[in-house]
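Content type CSV, C-alpha atoms, from the file structure-v2.csv:
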chain,number,residue,atom,x,y,z
N,277,MET,CA,62.8,154.4,131.8
N,278,ASN,CA,65.3,151.6,131.3
N,279,ASN,CA,63.7,148.2,131.5
N,280,GLN,CA,66.8,146.3,130.5
N,281,ARG,CA,67.3,143.3,132.7
N,282,GLN,CA,70.3,143.8,135.1
N,283,LYS,CA,72.7,141.2,136.5
N,284,ILE,CA,75.3,141.1,139.3
N,285,ILE,CA,77.8,138.5,140.4
N,286,THR,CA,77.6,137.8,144.1
N,287,CYS,CA,81.3,138.2,144.9
N,288,LEU,CA,82.0,138.9,148.6
N,289,GLY,CA,85.6,139.8,148.0
N,290,LEU,CA,85.6,143.5,148.1
N,291,SER,CA,83.0,143.8,151.0
N,292,LEU,CA,85.3,141.6,153.2
N,293,PHE,CA,88.1,144.1,153.0
N,294,TYR,CA,86.3,146.4,155.5
N,295,PRO,CA,86.3,144.0,158.4
N,296,LEU,CA,89.8,142.9,157.4
N,297,VAL,CA,91.1,146.4,157.9
N,298,ASP,CA,89.2,146.8,161.2
N,299,LEU,CA,90.7,143.5,162.5
N,300,TYR,CA,94.2,144.6,161.5
N,301,ASP,CA,93.7,148.0,163.2
N,302,LYS,CA,92.8,146.2,166.4
N,303,LEU,CA,95.8,143.9,166.0
N,304,GLU,CA,98.1,146.9,165.6
N,305,LYS,CA,96.8,148.7,168.6
N,306,THR,CA,96.9,145.8,171.1
N,307,ASN,CA,99.7,145.3,173.5
N,308,PHE,CA,100.7,141.6,173.5
N,309,THR,CA,101.6,139.8,176.7
N,310,GLY,CA,102.2,136.1,177.2
N,311,ASN,CA,104.5,135.4,174.3
N,312,SER,CA,107.0,132.6,174.7
N,313,LYS,CA,109.1,130.2,172.7
N,314,ILE,CA,106.2,127.8,172.2
N,315,GLN,CA,103.3,130.2,171.6
N,316,LYS,CA,102.2,133.8,170.9
N,317,SER,CA,99.8,135.6,173.2
N,318,MET,CA,96.1,134.5,172.8
N,319,THR,CA,95.3,138.0,171.6
N,320,GLU,CA,98.0,138.1,168.9
N,321,SER,CA,97.3,134.6,167.6
N,322,GLY,CA,93.5,135.1,167.8
N,323,TYR,CA,93.5,138.3,165.7
N,324,SER,CA,96.2,137.0,163.4
N,325,CYS,CA,94.3,133.7,162.7
N,326,SER,CA,91.1,135.7,162.1
N,327,ILE,CA,92.8,138.0,159.6
N,328,ILE,CA,94.5,135.2,157.7
N,329,LEU,CA,91.2,133.2,157.4
N,330,GLN,CA,89.5,136.3,156.0
N,331,THR,CA,92.3,136.8,153.5
N,332,ALA,CA,92.0,133.3,152.3
N,333,VAL,CA,88.2,133.8,151.8
N,334,ILE,CA,88.9,137.0,149.9
N,335,ILE,CA,91.3,135.2,147.5
N,336,GLU,CA,88.8,132.4,146.9
N,337,SER,CA,86.0,134.9,146.4
N,338,LEU,CA,87.9,136.9,143.8
N,339,THR,CA,89.1,133.8,142.1
N,340,ASN,CA,85.5,132.6,141.7
N,341,ARG,CA,84.6,135.9,140.1
N,342,VAL,CA,87.4,135.3,137.5
N,343,ARG,CA,86.2,131.8,137.0
N,344,TYR,CA,82.8,133.1,136.2
N,345,LEU,CA,84.1,135.8,133.8
N,346,CYS,CA,86.1,133.3,131.8
N,347,ARG,CA,83.5,130.5,131.8
N,348,THR,CA,83.2,130.5,128.0
N,349,LYS,CA,86.9,130.1,127.5
N,350,TYR,CA,87.5,127.5,130.1
N,351,ARG,CA,84.7,124.9,130.0
N,352,ASN,CA,83.8,123.0,133.1
N,353,ASN,CA,86.2,125.2,135.2
N,354,GLU,CA,83.7,125.3,138.0
N,355,LYS,CA,84.4,121.6,138.6
N,356,VAL,CA,88.1,122.1,139.4
N,357,ARG,CA,89.5,123.2,142.7
N,358,ILE,CA,90.6,126.8,143.3
N,359,LEU,CA,94.3,126.1,143.1
N,360,GLU,CA,93.9,124.0,140.0
N,361,PHE,CA,92.0,126.7,138.2
N,362,LEU,CA,94.6,129.4,139.2
N,363,ARG,CA,97.4,127.2,137.9
N,364,LYS,CA,95.5,126.7,134.6
N,365,TYR,CA,94.4,130.3,134.1
N,366,PHE,CA,97.6,132.0,135.3
N,367,LYS,CA,100.2,129.6,133.9
N,368,SER,CA,103.0,132.1,134.0
N,369,GLU,CA,102.4,132.9,137.7
N,370,LYS,CA,103.6,129.7,139.3
N,371,VAL,CA,105.5,131.4,142.1
N,372,LEU,CA,102.5,133.5,143.2
N,373,ILE,CA,100.1,130.5,143.0
N,374,ASP,CA,102.6,128.5,145.1
N,375,LYS,CA,102.4,131.2,147.7
N,376,ILE,CA,98.6,131.2,147.7
N,377,GLU,CA,98.7,127.4,148.2
N,378,GLU,CA,100.8,128.0,151.4
N,379,ILE,CA,98.1,130.5,152.6
N,380,PHE,CA,95.5,127.8,152.1
N,381,ILE,CA,97.6,125.4,154.1
N,382,LEU,CA,97.6,127.9,156.9
N,383,ARG,CA,93.9,128.4,156.5
N,384,ASP,CA,93.4,124.6,156.9
N,385,SER,CA,95.6,124.6,159.9
N,386,ILE,CA,93.4,127.2,161.6
N,387,VAL,CA,90.0,126.0,160.4
N,388,HIS,CA,90.6,122.4,161.3
N,389,ASN,CA,92.7,123.4,164.3
N,390,HIS,CA,95.5,120.9,163.6
N,391,LEU,CA,96.6,119.6,166.9
N,392,TRP,CA,100.2,119.3,168.1
N,393,THR,CA,101.7,118.1,171.3
N,394,ILE,CA,104.6,120.3,172.5
N,395,GLY,CA,106.9,119.0,175.2
N,396,TYR,CA,109.5,121.2,176.9
N,397,ASN,CA,111.5,121.8,180.1
N,398,PHE,CA,112.2,124.9,182.1
N,399,ASP,CA,115.6,126.3,182.9
N,400,LYS,CA,116.4,128.1,186.1
N,401,ASP,CA,115.0,131.4,184.7
N,402,TYR,CA,111.7,129.6,183.6
N,403,ASN,CA,112.6,129.8,179.9
N,404,GLU,CA,111.4,126.8,177.8
N,405,THR,CA,114.2,124.5,176.7
N,406,LYS,CA,114.5,121.1,175.0
N,407,ILE,CA,111.3,121.8,173.1
N,408,TYR,CA,109.8,119.2,170.8
N,409,HIS,CA,106.7,119.2,168.6
N,410,ARG,CA,104.6,116.3,167.4
N,411,LEU,CA,101.7,116.7,164.9
N,412,ILE,CA,98.9,114.4,165.9
N,413,SER,CA,95.8,115.3,163.9
N,414,ILE,CA,96.5,115.4,160.2
N,415,TYR,CA,97.1,112.5,157.9
N,416,GLY,CA,97.5,112.2,154.2
N,417,ASP,CA,97.2,115.9,153.3
N,418,LYS,CA,99.2,116.1,150.1
N,419,LYS,CA,99.7,119.9,150.0
N,420,PHE,CA,100.7,120.0,153.7
N,421,ASN,CA,103.2,117.2,153.3
N,422,GLN,CA,104.8,118.8,150.2
N,423,ASN,CA,104.9,122.4,151.4
N,424,VAL,CA,105.7,122.3,155.1
N,425,CYS,CA,109.1,121.7,156.7
N,426,ARG,CA,108.4,119.5,159.8
N,427,LYS,CA,111.6,120.6,161.4
N,428,THR,CA,110.8,124.3,161.4
N,429,ARG,CA,107.0,123.8,161.4
N,430,THR,CA,106.7,126.5,158.7
N,431,THR,CA,105.8,126.6,155.0
N,432,LYS,CA,108.8,126.2,152.7
N,433,LYS,CA,108.5,129.4,150.7
N,434,LEU,CA,106.8,132.0,152.8
N,435,LYS,CA,108.0,130.6,156.2
N,436,LEU,CA,104.5,130.8,157.7
N,437,ASN,CA,103.9,129.2,161.0
N,438,VAL,CA,101.6,126.2,160.8
N,439,VAL,CA,101.3,125.6,164.6
N,440,PRO,CA,98.1,127.5,165.3
N,441,ILE,CA,99.2,129.0,168.6
N,442,LYS,CA,102.3,130.4,167.0
N,443,ILE,CA,100.6,132.3,164.2
N,444,SER,CA,101.5,136.0,164.6
N,445,LYS,CA,101.3,139.5,163.2
N,446,LYS,CA,104.4,138.7,161.1
N,447,ASP,CA,102.5,135.9,159.4
N,448,VAL,CA,99.7,138.4,158.7
N,449,GLN,CA,102.1,140.8,157.1
N,450,ILE,CA,103.6,138.1,154.9
N,451,VAL,CA,100.1,137.1,153.8
N,452,PHE,CA,99.2,140.7,153.1
N,453,GLY,CA,102.1,140.8,150.7
N,454,VAL,CA,100.7,137.9,148.7
N,455,LEU,CA,97.2,139.4,148.7
N,456,LYS,CA,98.6,142.6,147.2
N,457,GLU,CA,100.4,140.6,144.5
N,458,PHE,CA,97.2,138.8,143.7
N,459,CYS,CA,95.2,142.0,143.6
N,460,ASP,CA,97.8,143.6,141.3
N,461,LEU,CA,97.6,140.6,139.0
N,462,LEU,CA,93.8,140.7,138.8
N,463,ASP,CA,93.8,144.4,138.2
N,464,ASN,CA,96.4,144.0,135.4
N,465,LYS,CA,94.2,141.3,133.8
N,466,LYS,CA,91.2,143.6,134.2
N,467,LYS,CA,89.3,141.0,136.3
N,468,THR,CA,88.7,143.3,139.3
N,469,VAL,CA,88.6,147.0,140.3
N,470,VAL,CA,90.7,146.6,143.4
N,471,LYS,CA,93.0,149.4,142.6
N,472,ASN,CA,90.0,151.8,142.8
N,473,PHE,CA,88.8,150.4,146.1
N,474,SER,CA,89.4,152.5,149.2
N,475,THR,CA,88.9,152.0,152.9
N,476,LYS,CA,89.3,154.1,156.1
N,477,TRP,CA,92.4,153.4,158.2
N,478,ASN,CA,93.9,155.6,161.0
N,479,GLY,CA,91.2,158.2,160.3
N,480,LYS,CA,92.1,158.6,156.6
N,481,TYR,CA,90.8,157.1,153.4
N,482,ILE,CA,93.5,155.0,151.7
N,483,SER,CA,93.4,152.7,148.7
N,484,LEU,CA,93.3,149.0,149.6
N,485,VAL,CA,96.5,148.4,147.5
N,486,GLU,CA,98.3,151.1,149.5
N,487,PHE,CA,97.1,149.7,152.8
N,488,LEU,CA,98.4,146.2,151.9
N,489,ASP,CA,101.7,147.7,150.7
N,490,LYS,CA,102.2,149.6,153.9
N,491,ASN,CA,101.4,146.6,156.1
N,492,SER,CA,103.1,143.8,154.3
N,493,ILE,CA,106.4,142.0,154.4
N,494,LYS,CA,107.6,141.2,150.8

Using the file provided, produce a representation of the structure as structure tokens.
Amino acid sequence: MNNQRQKIITCLGLSLFYPLVDLYDKLEKTNFTGNSKIQKSMTESGYSCSIILQTAVIIESLTNRVRYLCRTKYRNNEKVRILEFLRKYFKSEKVLIDKIEEIFILRDSIVHNHLWTIGYNFDKDYNETKIYHRLISIYGDKKFNQNVCRKTRTTKKLKLNVVPIKISKKDVQIVFGVLKEFCDLLDNKKKTVVKNFSTKWNGKYISLVEFLDKNSIK
């Protein structure tokens, strides 16, 4: 009998992939109605926002695992924010970490439900015209101000919608592309076993990396 003391790290990351795939499957199979120039249907935006939130949680969870594994090399790294740690640990991956920062901006937009007022007129065919947006509920957010184009209301690199009611399946697919990049990076650094992780999708077992690759916009 082996009486050696065992230890695990309570990383949620991999377990959260199961509901992530289920939510995306639901998003894929739902017919959207009610889209317009100023908003997506409640169904599309609801599922899309939920998936993006879960993706952000997965990224943070996997990062915390890395932070624990390299705790002896990077002293006091538990005291710095997630993005600070990623920039410190993956110094050569600036572009990827910038993309993750934009995902976190989108997460904040959803979690805190940043409020906008949207004014518009109707033309004779009831299409919205003369549309204007005004952000009314966020002040002094440095990463938002540095990474969001107020004119397009999207992030500067990934072009993710930051108006919550406009977040769509396309935004999800862009975020999936970044998640795949991040998982590939961690696998290459031998900090996760994501490449060996599989899930069931469309009735078949598929590796997570393949699932993300098939459903992402690069």

Fill in: Long-range neighbours of Glu336 in chain N as a PyMOL selection string, 10 Å cut-off, only C-alpha atoms, 5 positions minimum in chain
chain N and resi 287-289+330-331+341-342+358-359+376+380

Worksheet item: Looking at only C-alpha atoms, which of N:Lys400, N:Lys432, N:Lys375, N:Lys471 is the one that sits closest to Phe452 in chain N?
Response: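 Smallest distance to Phe452 in chain N is found for N:Lys375.
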
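Our summary of the geometry notes that CA of Asp374 in chain N is positioned 9.1 Å from CA of Asn423 in chain N.
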
Worksheet item: With distances taken over all atoms listed in the file, which of N:Val333, N:Ile450, N:Val297, N:Ile412 is nearest to Thr431 in chain N?
Response: N:Ile450

Worksheet item: Can you tell me, as a ChimeraX atom specification, what residues are no more than 7 Å from range 307-319 of chain N when counting all atoms listed in the file, ignoring any on the same chain fewer than 5 positions away?
Response: /N:404,441-442,444

Practice prompt. Please identify all polymer residues within 12 Å of range 405-411 of chain N, counting all atoms listed in the file, omitting same-chain residues fewer than 2 positions from it, and present them as a ChimeraX atom specification.
Written response: /N:312-315,385,389-403,413-415,420-421,424,426-429,438-440

Practice prompt. Tell me, in Å to one decimal, how far CA of Tyr323 in chain N is from CA of Tyr481 in chain N.
Written response: 22.6 Å

Worksheet item: What does the distance between CA of Glu377 in chain N and CA of Trp477 in chain N come to in Å, to one decimal place?
Response: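 Computing it gives 28.6 Å between the two atoms.
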
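Closest to Glu457 in chain N among N:Val485, N:Val356, N:Leu382, N:Leu292 is N:Val485, based on all atoms listed in the file.
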